[in-house]
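Colleague: Below is the file run19.txt, which contains compact mmCIF, C-alpha atoms.
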# COMPACT_ATOMS: atom_id res chain seq x y z
CA MET A 232 -315.42 201.77 -135.86
CA ILE A 233 -315.45 199.29 -138.73
CA ARG A 234 -316.73 201.99 -141.09
CA THR A 235 -313.92 204.32 -139.97
CA SER A 236 -311.33 201.60 -140.64
CA HIS A 237 -312.74 201.03 -144.14
CA ILE A 238 -312.55 204.73 -144.89
CA ALA A 239 -308.96 204.88 -143.68
CA LEU A 240 -308.00 201.84 -145.74
CA LEU A 241 -309.65 203.34 -148.84
CA SER A 242 -307.74 206.59 -148.33
CA CYS A 243 -304.42 204.71 -148.14
CA LEU A 244 -305.18 202.83 -151.33
CA LEU A 245 -306.07 206.06 -153.16
CA ALA A 246 -302.88 207.71 -151.92
CA SER A 247 -300.79 204.76 -153.06
CA ALA A 248 -302.38 204.90 -156.49
CA ALA A 249 -301.70 208.61 -156.74
CA LEU A 250 -298.04 208.09 -155.85
CA ALA A 251 -297.66 205.26 -158.36
CA ALA A 252 -299.29 207.19 -161.22
CA PRO A 253 -296.31 209.48 -161.96
CA GLU A 254 -294.02 206.48 -162.13
CA ARG A 255 -296.26 204.81 -164.71
CA GLN A 256 -296.39 208.03 -166.71
CA GLU A 257 -292.61 208.31 -166.66
CA ASN A 258 -292.23 204.75 -167.90
CA GLU A 259 -294.93 205.05 -170.56
CA PRO A 260 -292.83 206.91 -173.23
CA ALA A 261 -290.13 204.22 -173.13
CA ALA A 262 -292.72 201.47 -173.54
CA SER A 263 -294.52 203.22 -176.41
CA ALA A 264 -291.17 204.01 -178.08
CA SER A 265 -290.32 200.33 -177.95
CA ALA A 266 -293.69 199.44 -179.47
CA ARG A 267 -293.21 201.90 -182.32
CA THR A 268 -290.14 200.08 -183.63
CA GLY A 269 -292.25 197.07 -184.66
CA LEU A 270 -294.98 198.90 -186.63
CA THR A 271 -295.96 197.18 -189.88
CA PRO A 272 -296.87 199.01 -193.12
CA ALA A 273 -300.49 197.99 -192.59
CA LYS A 274 -300.55 199.54 -189.13
CA LEU A 275 -298.96 202.73 -190.46
CA LYS A 276 -301.57 203.02 -193.22
CA ALA A 277 -304.31 202.75 -190.66
CA MET A 278 -302.95 205.72 -188.68
CA PRO A 279 -304.19 209.27 -189.05
CA THR A 280 -301.80 211.76 -190.63
CA ALA A 281 -301.24 213.59 -187.34
CA ARG A 282 -299.96 210.36 -185.78
CA LEU A 283 -297.69 209.75 -188.77
CA LEU A 284 -296.20 213.23 -188.40
CA LYS A 285 -295.45 212.55 -184.76
CA LEU A 286 -293.66 209.35 -185.70
CA GLY A 287 -291.83 211.17 -188.48
CA GLN A 288 -290.24 213.58 -186.03
CA ALA A 289 -287.86 210.78 -184.98
CA ALA A 290 -286.40 210.59 -188.50
CA LEU A 291 -285.14 214.17 -188.16
CA THR A 292 -282.91 213.37 -185.19
CA ALA A 293 -282.40 209.60 -184.94
CA ASP A 294 -279.42 207.75 -186.40
CA ALA A 295 -280.13 206.28 -189.82
CA GLU A 296 -279.40 202.73 -188.59
CA THR A 297 -282.06 202.78 -185.87
CA PRO A 298 -285.59 201.32 -186.13
CA ALA A 299 -287.00 204.68 -185.00
CA PHE A 300 -285.47 206.33 -188.10
CA THR A 301 -286.82 203.68 -190.45
CA THR A 302 -290.30 203.85 -188.96
CA GLY A 303 -290.28 207.64 -188.96
CA LEU A 304 -289.15 207.76 -192.58
CA ASP A 305 -291.89 205.37 -193.68
CA ALA A 306 -294.41 207.46 -191.77
CA LEU A 307 -293.29 210.66 -193.52
CA LYS A 308 -293.40 209.06 -196.95
CA LEU A 309 -296.92 207.83 -196.28
CA ALA A 310 -298.10 211.18 -194.95
CA SER A 311 -296.49 212.96 -197.90
CA SER A 312 -298.28 210.64 -200.33
CA ARG A 313 -301.54 211.79 -198.74
CA GLY A 314 -300.66 215.32 -199.79
CA ASP A 315 -299.55 216.62 -196.40
CA ARG A 316 -297.15 219.51 -197.07
CA VAL A 317 -295.63 219.45 -193.58
CA ALA A 318 -294.69 215.80 -194.09
CA THR A 319 -293.20 216.59 -197.49
CA ARG A 320 -291.03 219.34 -196.04
CA MET A 321 -289.91 217.11 -193.19
CA LEU A 322 -289.11 214.38 -195.73
CA GLY A 323 -287.03 216.90 -197.68
CA LYS A 324 -285.02 217.69 -194.55
CA VAL A 325 -284.38 214.00 -193.91
CA MET A 326 -283.30 213.43 -197.51
CA ALA A 327 -281.02 216.46 -197.38
CA ARG A 328 -279.28 215.22 -194.23
CA HIS A 329 -278.85 211.57 -195.21
CA ASP A 330 -277.31 210.31 -198.44
CA LEU A 331 -279.75 207.42 -198.61
CA PRO A 332 -281.90 206.05 -201.47
CA ILE A 333 -285.30 207.15 -200.17
CA ALA A 334 -287.41 207.50 -203.30
CA GLU A 335 -287.64 203.87 -204.42
CA ASN A 336 -289.70 201.93 -206.95
CA GLY A 337 -289.92 204.73 -209.49
CA SER A 338 -291.52 207.16 -207.07
CA ALA A 339 -291.11 210.29 -209.17
CA ARG A 340 -294.18 211.55 -207.31
CA ILE A 341 -291.92 212.30 -204.35
CA GLU A 342 -289.80 214.47 -206.63
CA SER A 343 -292.86 216.36 -207.84
CA ARG A 344 -294.11 216.95 -204.30
CA LEU A 345 -290.67 218.13 -203.19
CA ARG A 346 -290.47 220.36 -206.25
CA HIS A 347 -293.82 221.85 -205.27
CA GLU A 348 -292.47 222.73 -201.81
CA ALA A 349 -289.21 223.98 -203.30
CA MET A 350 -291.16 226.52 -205.36
CA ARG A 351 -292.53 227.82 -202.09
CA GLY A 352 -289.09 228.45 -200.58
CA ALA A 353 -288.23 225.22 -198.74
CA SER A 354 -284.47 225.03 -199.30
CA SER A 355 -284.26 221.51 -197.85
CA SER A 356 -286.75 220.36 -200.48
CA VAL A 357 -284.60 221.95 -203.18
CA LEU A 358 -281.55 220.13 -201.82
CA ALA A 359 -283.49 216.86 -201.62
CA VAL A 360 -284.46 217.09 -205.29
CA ALA A 361 -280.82 217.80 -206.19
CA GLY A 362 -279.77 214.68 -204.31
CA MET A 363 -282.35 212.56 -206.12
CA TYR A 364 -280.97 213.57 -209.51
CA ASP A 365 -277.40 213.24 -208.27
CA ARG A 366 -277.93 209.66 -207.04
CA GLY A 367 -280.56 208.57 -209.52
CA ASP A 368 -282.92 208.07 -206.62
CA GLY A 369 -286.40 207.44 -208.09
CA VAL A 370 -285.51 209.53 -211.16
CA PRO A 371 -282.88 209.11 -213.90
CA THR A 372 -279.40 210.22 -212.86
CA ASP A 373 -278.76 213.68 -214.27
CA THR A 374 -275.72 215.48 -212.86
CA LYS A 375 -276.51 218.68 -214.77
CA LYS A 376 -279.98 218.88 -213.24
CA ALA A 377 -278.48 218.02 -209.87
CA ALA A 378 -275.98 220.88 -210.18
CA THR A 379 -278.77 223.28 -211.12
CA TRP A 380 -280.80 222.33 -208.06
CA TYR A 381 -277.72 222.44 -205.80
CA LEU A 382 -277.00 225.97 -207.05
CA TRP A 383 -280.58 226.99 -206.35
CA ALA A 384 -280.38 225.76 -202.75
CA ALA A 385 -276.95 227.31 -202.27
CA ARG A 386 -278.09 230.71 -203.50
CA VAL A 387 -280.82 230.82 -200.86
CA GLY A 388 -278.26 230.10 -198.14
CA ASN A 389 -278.29 226.31 -197.64
CA ARG A 390 -274.79 225.44 -196.37
CA ARG A 391 -275.02 221.76 -197.32
CA ALA A 392 -275.88 222.78 -200.86
CA MET A 393 -272.89 225.14 -200.92
CA ALA A 394 -270.59 222.19 -200.19
CA SER A 395 -272.24 220.17 -202.98
CA VAL A 396 -271.84 223.07 -205.42
CA ALA A 397 -268.18 223.35 -204.44
CA TYR A 398 -267.72 219.64 -205.15
CA ALA A 399 -269.46 220.00 -208.52
CA TYR A 400 -267.20 222.88 -209.58
CA GLY A 401 -264.07 221.28 -208.14
CA THR A 402 -264.58 217.98 -209.96
CA GLY A 403 -266.60 219.05 -213.00
CA ARG A 404 -269.63 217.00 -211.94
CA GLY A 405 -272.54 218.46 -213.92
CA VAL A 406 -270.74 221.77 -214.57
CA ALA A 407 -267.49 222.93 -216.13
CA ARG A 408 -264.57 222.61 -213.71
CA ASP A 409 -263.76 225.87 -211.95
CA ASP A 410 -261.41 225.68 -208.95
CA GLU A 411 -261.95 229.31 -207.98
CA ALA A 412 -265.72 228.87 -207.95
CA ALA A 413 -265.34 225.73 -205.82
CA LEU A 414 -263.29 227.57 -203.20
CA LYS A 415 -265.64 230.55 -203.29
CA TRP A 416 -268.67 228.42 -202.39
CA LEU A 417 -266.80 226.89 -199.45
CA LYS A 418 -266.17 230.24 -197.76
CA GLU A 419 -269.45 230.18 -195.83
CA VAL A 420 -269.44 226.44 -195.10
CA ASN A 421 -268.46 225.35 -191.57
CA PRO A 422 -264.81 224.22 -191.26
CA GLY A 423 -265.60 220.54 -190.75
CA ARG A 424 -267.74 220.21 -193.87
CA ALA A 425 -265.37 222.43 -195.88
CA ARG A 426 -262.43 220.21 -194.94
CA THR A 427 -264.32 217.05 -195.88
CA THR A 428 -265.42 218.55 -199.19
CA LEU A 429 -261.89 219.64 -200.06
CA VAL A 430 -260.58 216.14 -199.37
CA ASP A 431 -263.41 214.57 -201.40
CA ILE A 432 -262.61 216.85 -204.34
CA GLY A 433 -258.92 216.03 -204.00
CA TRP A 434 -259.52 212.27 -204.09
CA ALA A 435 -261.91 212.59 -207.04
CA LEU A 436 -259.19 214.44 -208.96
CA ALA A 437 -256.44 212.09 -207.82
CA THR A 438 -258.32 208.95 -208.86
CA GLY A 439 -260.17 210.42 -211.85
CA SER A 440 -263.49 209.14 -210.47
CA GLU A 441 -265.38 212.12 -211.95
CA GLY A 442 -263.42 212.29 -215.19
CA THR A 443 -259.74 212.80 -215.96
CA ALA A 444 -257.23 212.38 -213.15
CA ASP A 445 -255.36 215.57 -212.24
CA MET A 446 -252.88 215.09 -209.40
CA PRO A 447 -251.51 218.67 -209.37
CA ALA A 448 -255.06 220.00 -208.94
CA ALA A 449 -255.77 217.33 -206.33
CA LEU A 450 -252.75 218.46 -204.31
CA ARG A 451 -254.00 222.05 -204.35
CA PHE A 452 -257.27 220.97 -202.76
CA PHE A 453 -255.47 218.73 -200.25
CA GLU A 454 -253.27 221.68 -199.33
CA ARG A 455 -256.38 223.80 -198.74
CA ALA A 456 -257.68 221.09 -196.43
CA ALA A 457 -254.37 221.24 -194.55
CA GLN A 458 -255.03 224.90 -193.78
CA ILE A 459 -258.08 223.77 -191.82
CA SER A 460 -256.62 220.59 -190.34
CA PRO A 461 -252.98 219.63 -190.97
CA ASN A 462 -253.62 216.08 -189.76
CA VAL A 463 -256.03 215.49 -192.66
CA ALA A 464 -253.27 216.23 -195.16
CA TYR A 465 -250.96 213.83 -193.34
CA GLN A 466 -253.57 211.04 -193.45
CA VAL A 467 -254.07 211.67 -197.17
CA ALA A 468 -250.30 211.50 -197.62
CA LEU A 469 -250.15 208.11 -195.90
CA ASP A 470 -252.95 206.82 -198.15
CA LEU A 471 -251.10 208.07 -201.23
CA GLU A 472 -247.89 206.49 -199.99
CA ARG A 473 -249.57 203.11 -199.46
CA GLY A 474 -251.97 203.24 -202.40
CA THR A 475 -254.91 202.75 -200.03
CA ASN A 476 -257.52 204.43 -202.26
CA GLY A 477 -256.41 202.87 -205.51
CA VAL A 478 -253.75 205.42 -206.44
CA GLN A 479 -250.14 205.38 -205.21
CA ASN A 480 -247.92 208.41 -205.64
CA ARG A 481 -244.96 208.64 -203.27
CA GLU A 482 -243.82 211.98 -204.67
CA ALA A 483 -247.22 213.54 -203.96
CA ALA A 484 -247.23 211.86 -200.55
CA GLY A 485 -243.85 213.37 -199.67
CA HIS A 486 -245.08 216.79 -200.72
CA LEU A 487 -248.16 216.55 -198.49
CA ILE A 488 -246.15 215.25 -195.53
CA LYS A 489 -244.04 218.38 -195.71
CA VAL A 490 -247.13 220.57 -196.07
CA ALA A 491 -248.70 218.97 -192.99
CA ALA A 492 -245.45 219.31 -191.04
CA GLU A 493 -245.14 222.98 -191.96
CA ARG A 494 -248.73 223.47 -190.81
CA GLY A 495 -247.82 222.09 -187.40
CA ASP A 496 -248.80 218.41 -187.48
CA SER A 497 -246.33 216.72 -185.13
CA ALA A 498 -246.83 213.24 -186.59
CA ALA A 499 -246.00 214.53 -190.07
CA ALA A 500 -242.95 216.36 -188.73
CA THR A 501 -241.74 213.16 -187.06
CA HIS A 502 -242.30 211.19 -190.28
CA LEU A 503 -240.27 213.74 -192.22
CA ALA A 504 -237.51 213.72 -189.59
CA ASN A 505 -237.30 209.92 -189.68
CA ILE A 506 -236.70 210.05 -193.43
CA LEU A 507 -234.09 212.80 -193.26
CA SER A 508 -232.22 211.36 -190.28
CA GLY A 509 -231.20 208.33 -192.36
CA SER A 510 -229.37 210.51 -194.88
CA ASP A 511 -225.60 210.85 -194.86
CA LYS A 512 -225.87 214.51 -195.89
CA LEU A 513 -225.22 217.02 -193.12
CA GLU A 514 -227.97 219.38 -194.33
CA ASP A 515 -230.56 216.58 -194.27
CA GLN A 516 -229.50 215.63 -190.76
CA ARG A 517 -229.73 219.27 -189.66
CA GLN A 518 -233.28 219.42 -191.02
CA ALA A 519 -234.09 216.17 -189.22
CA VAL A 520 -233.03 217.80 -185.95
CA GLN A 521 -235.27 220.78 -186.67
CA TRP A 522 -238.31 218.62 -187.47
CA TYR A 523 -237.77 216.36 -184.44
CA SER A 524 -237.43 219.45 -182.25
CA LEU A 525 -240.66 220.92 -183.59
CA ALA A 526 -242.56 217.65 -183.23
CA ALA A 527 -241.24 217.00 -179.70
CA LEU A 528 -242.94 220.17 -178.48
CA ASP A 529 -246.06 218.01 -178.58
CA LYS A 530 -245.67 216.29 -175.22
CA GLU A 531 -247.76 213.33 -176.42
CA ASN A 532 -245.37 212.67 -179.31
CA ALA A 533 -243.10 210.09 -177.75
CA ALA A 534 -241.57 209.17 -181.12
CA ALA A 535 -240.17 212.69 -181.60
CA GLY A 536 -238.59 212.68 -178.13
CA GLN A 537 -237.12 209.27 -178.85
CA GLY A 538 -235.79 210.54 -182.18
CA LEU A 539 -233.86 213.37 -180.54
CA SER A 540 -232.57 211.02 -177.85
CA ARG A 541 -231.42 208.56 -180.49
CA LEU A 542 -229.55 211.30 -182.37
CA ILE A 543 -227.57 212.34 -179.27
CA ALA A 544 -226.80 208.68 -178.48
CA LEU A 545 -225.22 208.28 -181.93
CA ARG A 546 -222.58 210.91 -181.04
CA PRO A 547 -223.43 213.23 -183.96
CA GLN A 548 -221.10 215.69 -185.67
CA ASP A 549 -220.25 218.73 -183.56
CA ASP A 550 -222.25 221.00 -185.88
CA LEU A 551 -225.46 219.16 -184.98
CA VAL A 552 -225.01 218.91 -181.20
CA PRO A 553 -226.17 222.42 -180.18
CA GLY A 554 -229.40 222.02 -182.14
CA ILE A 555 -230.09 218.61 -180.61
CA ILE A 556 -229.44 219.85 -177.07
CA ALA A 557 -231.69 222.86 -177.63
CA GLY A 558 -234.41 220.60 -179.01
CA LEU A 559 -234.14 218.24 -176.04
CA GLU A 560 -234.31 221.07 -173.51
CA GLN A 561 -237.35 222.60 -175.18
CA ALA A 562 -239.05 219.22 -175.39
CA VAL A 563 -238.39 218.52 -171.70
CA ALA A 564 -239.79 221.94 -170.80
CA ALA A 565 -242.89 221.10 -172.87
CA GLY A 566 -243.39 217.88 -170.89
CA ASN A 567 -242.10 215.34 -173.41
CA HIS A 568 -240.86 212.57 -171.10
CA GLU A 569 -238.99 210.63 -173.79
CA ALA A 570 -236.68 213.62 -174.31
CA LEU A 571 -235.51 213.25 -170.69
CA LEU A 572 -233.48 210.19 -171.72
CA GLY A 573 -231.51 212.05 -174.38
CA LEU A 574 -230.83 215.01 -172.11
CA ALA A 575 -229.74 212.65 -169.34
CA LEU A 576 -227.27 210.99 -171.71
CA ALA A 577 -225.90 214.41 -172.72
CA TYR A 578 -225.22 215.34 -169.08
CA ALA A 579 -223.81 211.92 -168.25
CA ASP A 580 -221.29 211.98 -171.10
CA GLY A 581 -220.80 215.73 -171.42
CA ILE A 582 -222.18 215.95 -174.97
CA GLY A 583 -222.81 219.61 -175.70
CA VAL A 584 -223.09 220.40 -171.99
CA GLU A 585 -220.80 220.18 -168.97
CA ALA A 586 -220.79 216.60 -167.67
CA SER A 587 -222.94 216.14 -164.55
CA PRO A 588 -223.89 212.58 -163.49
CA GLY A 589 -226.02 214.08 -160.72
CA ARG A 590 -228.05 216.05 -163.24
CA ALA A 591 -228.28 212.93 -165.42
CA ALA A 592 -229.62 210.91 -162.48
CA SER A 593 -232.19 213.61 -161.70
CA LEU A 594 -233.45 213.59 -165.30
CA LEU A 595 -233.61 209.79 -165.31
CA GLN A 596 -235.60 209.86 -162.08
CA GLN A 597 -238.18 212.12 -163.73
CA ALA A 598 -238.38 209.78 -166.71
CA ALA A 599 -238.65 206.71 -164.45
CA ASP A 600 -241.44 208.37 -162.48
CA ALA A 601 -243.21 208.88 -165.82
CA GLY A 602 -243.02 205.13 -166.39
CA ILE A 603 -240.33 204.94 -169.08
CA PRO A 604 -238.71 201.46 -168.83
CA GLU A 605 -235.30 202.45 -170.24
CA ALA A 606 -235.03 205.25 -167.68
CA LYS A 607 -235.64 202.75 -164.88
CA TYR A 608 -232.97 200.48 -166.35
CA ARG A 609 -230.36 203.21 -166.65
CA LEU A 610 -231.13 204.69 -163.25
CA GLY A 611 -230.90 201.20 -161.76
CA LEU A 612 -227.37 200.87 -163.15
CA MET A 613 -226.45 204.21 -161.61
CA TYR A 614 -227.69 203.11 -158.19
CA LYS A 615 -225.77 199.86 -158.58
CA SER A 616 -222.50 201.63 -159.35
CA GLY A 617 -223.06 204.74 -157.27
CA THR A 618 -222.72 207.01 -160.30
CA GLY A 619 -224.32 210.39 -159.64
CA VAL A 620 -226.23 208.95 -156.67
CA SER A 621 -225.41 207.13 -153.45
CA MET A 622 -224.90 203.43 -154.06
CA ASP A 623 -228.06 201.52 -153.14
CA LEU A 624 -228.41 197.96 -154.35
CA ASP A 625 -231.99 197.64 -153.09
CA LYS A 626 -233.08 200.64 -155.15
CA ALA A 627 -231.13 199.32 -158.12
CA ILE A 628 -232.91 195.95 -157.90
CA ALA A 629 -236.34 197.59 -157.51
CA LEU A 630 -235.79 199.81 -160.55
CA MET A 631 -234.41 196.96 -162.64
CA SER A 632 -237.30 194.69 -161.64
CA SER A 633 -239.77 197.36 -162.71
CA ALA A 634 -237.93 197.79 -166.03
CA GLN A 635 -238.06 194.03 -166.58
CA GLU A 636 -241.80 193.92 -165.83
CA SER A 637 -242.27 196.69 -168.37
CA GLY A 638 -240.58 194.56 -171.01
CA PHE A 639 -237.21 196.31 -171.36
CA PRO A 640 -234.97 193.56 -172.87
CA LEU A 641 -231.67 194.31 -171.09
CA ALA A 642 -233.19 194.49 -167.62
CA ALA A 643 -233.40 190.73 -167.05
CA VAL A 644 -229.65 190.19 -167.53
CA ALA A 645 -228.71 193.16 -165.36
CA LEU A 646 -231.17 192.10 -162.65
CA SER A 647 -229.74 188.59 -162.60
CA ALA A 648 -226.25 189.99 -162.04
CA MET A 649 -227.49 192.23 -159.23
CA VAL A 650 -229.31 189.46 -157.38
CA ASP A 651 -226.27 187.20 -157.52
CA GLN A 652 -223.98 190.03 -156.37
CA PRO A 653 -223.14 190.07 -152.64
CA ALA A 654 -224.24 193.13 -150.72
CA PRO A 655 -221.54 195.81 -150.44
CA ASN A 656 -219.72 196.00 -147.12
CA ALA A 657 -220.89 199.15 -145.43
CA ALA A 658 -217.77 199.12 -143.25
CA ALA A 659 -215.58 199.33 -146.33
CA GLY A 660 -216.25 203.04 -146.39
CA GLN A 661 -217.27 203.22 -150.04
CA SER A 662 -218.53 206.63 -151.07
CA ALA A 663 -220.49 207.72 -154.10
CA PRO A 664 -218.88 210.00 -156.66
CA THR A 665 -219.92 213.60 -156.43
CA ALA A 666 -222.47 215.10 -158.82
CA SER A 667 -219.72 216.88 -160.68
CA GLY A 668 -217.65 213.74 -161.15
CA GLY A 669 -216.64 212.57 -164.59
CA ASP A 670 -218.18 209.08 -164.51
CA THR A 671 -220.50 208.47 -167.44
CA MET A 672 -224.01 207.06 -167.30
CA PRO A 673 -223.83 203.26 -167.47
CA ARG A 674 -224.92 201.71 -170.73
So that I can check it, write out the structure of this file as structure tokens.

Modeller:
Amino acid sequence: MIRTSHIALLSCLLASAALAAPERQENEPAASASARTGLTPAKLKAMPTARLLKLGQAALTADAETPAFTTGLDALKLASSRGDRVATRMLGKVMARHDLPIAENGSARIESRLRHEAMRGASSSVLAVAGMYDRGDGVPTDTKKAATWYLWAARVGNRRAMASVAYAYGTGRGVARDDEAALKWLKEVNPGRARTTLVDIGWALATGSEGTADMPAALRFFERAAQISPNVAYQVALDLERGTNGVQNREAAGHLIKVAAERGDSAAATHLANILSGSDKLEDQRQAVQWYSLAALDKENAAAGQGLSRLIALRPQDDLVPGIIAGLEQAVAAGNHEALLGLALAYADGIGVEASPGRAASLLQQAADAGIPEAKYRLGLMYKSGTGVSMDLDKAIALMSSAQESGFPLAAVALSAMVDQPAPNAAAGQSAPTASGGDTMPR
């Protein structure tokens, strides 16, 4: 009996160990990964090359700021110094992906090993050598040699090298400037890298960092970038306007703002409209309406909806009203909540449309439901006076309180007057004006 109990107990212990084993195996990679981050150079040197290659794999995928990347890079450099060709090719890939000084302390031997692999068709090794000469990383800086190596890698299909060749031709770094050649090499580069390269070329030409400054040429490259992403051109324009990158040119900035707006960037269109709306020229104001209308089709662009609403509130010239109303209606249909305010004002006061306080109240309700403080304020006044809706002081107070909590400045004064006001006498037989009445929306 005792023997049977011992056997049963032993079986339970073995089963428990078997169940726990997978859990230990699952946790083991995390523990070993943590240990790897603290490896010293001495410990790395003591490792076999196969182990170094395994560590080096992390440098291909890890972020450059992580300990795993640093350890992996050191492992690859050590394995490469032992003559391991796989390590050298992996090192070339890392160098091609990261613009980091890797070949330090006069290590021209890395260049020779990479060159050896490049001769055997490793395009990443070719690109790595180009980067070394471009940065002066372990070898003397030589932009002409760098351009030659970049061209080599580009001709065998390396997309990163194509972007570097485009930059060289666009700025004249190591080769004679050739804008057409620069654009040609960018044709097969992915849109994101092509856009970045175009902007980099533009800034180099604008600031003269690679030679003589050439703003007209810089604008041509910025415009090309706008074809890929209009917002990039707008951000460049803001930097030129403010002088953020060491060069200020408001004329060039204005040109790029228009380019970005024409390409469909709603923020650029709003910026342009804000400038034009302050002009006293009718044509400028008409263009402002057009740009606000275009920008307000972006339902997230509250500023454009506010711009159209502000224009209608200023009681513009009759020639401008139809365009503003059309812009407001299209913006509302697109979901731009700020445009609801301007359209509500138009219906309340009969600006460009037949007056309809009921329609104005309905539009304000939509805007209030969307959380717009001014809409709550104006709708609260309508409930207080019974304009376009049935008089309801409780609703008026609730709306005005919400507007005050949202920070609308006029709500506090209006709310104070409502709270102090005695409740209307229901027996007095007061009735709200009809939706087609001529009362205007309270201000």

Colleague: Quick one: distance from CA of Gly362 (chain A) to CA of Ala377 (chain A) in Å, one decimal?

Modeller: 6.6 Å

Colleague: Return the single residue from A:Met631, A:Ala456, A:Val406, A:Ala591 that is closest to Glu441 (chain A), with distances computed using all atoms listed in the file.

Modeller: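 Comparing A:Met631, A:Ala456, A:Val406, A:Ala591 against Glu441 (chain A), the winner is A:Val406.
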
Colleague: Can you tell me which residues surround region 317-323 of chain A at a distance of at most 6 Å, considering all atoms listed in the file, apart from same-chain residues fewer than 6 positions away, and format the answer as a PyMOL selection string?

Modeller: chain A and resi 307+310-311+355-356+359

Colleague: Using only C-alpha atoms, which of A:Ile582, A:Met278, A:Leu345, A:Val325 sits nearest Asp294 (chain A)?

Modeller: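 Counting only C-alpha atoms, the residue closest to Asp294 (chain A) is A:Val325.
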
Colleague: State, in Å with one decimal place, the distance from CA of Ile628 (chain A) to CA of Leu545 (chain A).

Modeller: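 About the pair CA of Ile628 (chain A) and CA of Leu545 (chain A): they are 28.1 Å apart.
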
Colleague: Got a sec: who's within 8 Å of region 563-572 of chain A, counting all atoms listed in the file, leaving out chain neighbours fewer than 3 positions off, as number ranges by chain?

Modeller: A: 527-534, 536-537, 539-540, 559-560, 575-576, 594-595, 597-598, 601, 603, 606

Colleague: List every protein, DNA or RNA residue that has at least one atom no more than 12 Å from (-251.1, 207.1, -194.4) in the file's coordinates, counting all atoms listed in the file, and write the result as a list in words.

Modeller: Asn462, Val463, Ala464, Tyr465, Gln466, Val467, Ala468, Leu469, Asp470, Leu471, Glu472, Arg473, Gly474, Thr475, Asn476, Gln479, Asn480, Arg481, Ala484, Gly485, Leu487, Ile488, Ala498, Ala499 and His502 of chain A

Colleague: Which is closest to Pro272 (chain A) among A:Thr379, A:Ser593, A:Thr302, A:Gln458, if we use all atoms listed in the file?

Modeller: A:Thr302

Colleague: Restricting the calculation to all atoms listed in the file: of A:Leu574, A:Val387, A:Ala586, A:Ile459, which residue gets closest to Pro422 (chain A)?

Modeller: A:Ile459

Colleague: Between CA of Ala425 (chain A) and CA of Asn389 (chain A), what distance in Å does the model show, to one decimal?

Modeller: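 Computing the Euclidean distance for CA of Ala425 (chain A) and CA of Asn389 (chain A) yields 13.6 Å.
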
Colleague: So that I can see what lies close to Thr292 (chain A), please list as a PDB file with C-alpha atoms, keeping the file's coordinate frame the residues with an atom at most 10 Å from it, counting only C-alpha atoms and leaving out residues fewer than 4 positions away in the same chain.

Modeller:
ATOM      1  CA  GLY A 287    -291.830 211.170-188.480  1.00  0.00           C
ATOM      2  CA  GLN A 288    -290.240 213.580-186.030  1.00  0.00           C
ATOM      3  CA  ALA A 299    -287.000 204.680-185.000  1.00  0.00           C
ATOM      4  CA  PHE A 300    -285.470 206.330-188.100  1.00  0.00           C
ATOM      5  CA  VAL A 325    -284.380 214.000-193.910  1.00  0.00           C
ATOM      6  CA  ARG A 328    -279.280 215.220-194.230  1.00  0.00           C
TER       7      ARG A 328
END

Colleague: Using only C-alpha atoms, which residue out of A:Ala281, A:Leu641, A:Ala384, A:Leu275 lies closest to Asp305 (chain A)?

Modeller: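 Residue with the minimum atom-to-atom distance to Asp305 (chain A): A:Leu275.
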
Colleague: As number ranges by chain, please: the residues near Lys615 (chain A) (cut-off 9 Å, all atoms listed in the file, same-chain neighbours under 5 positions excluded).

Modeller: A: 610, 621-628, 649

Colleague: Using all atoms listed in the file, which residue out of A:Ile341, A:Ala392, A:Leu417, A:Ala629 lies closest to Asp368 (chain A)?

Modeller: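 Of A:Ile341, A:Ala392, A:Leu417, A:Ala629, the one nearest Asp368 (chain A), counting all atoms listed in the file, is A:Ile341.
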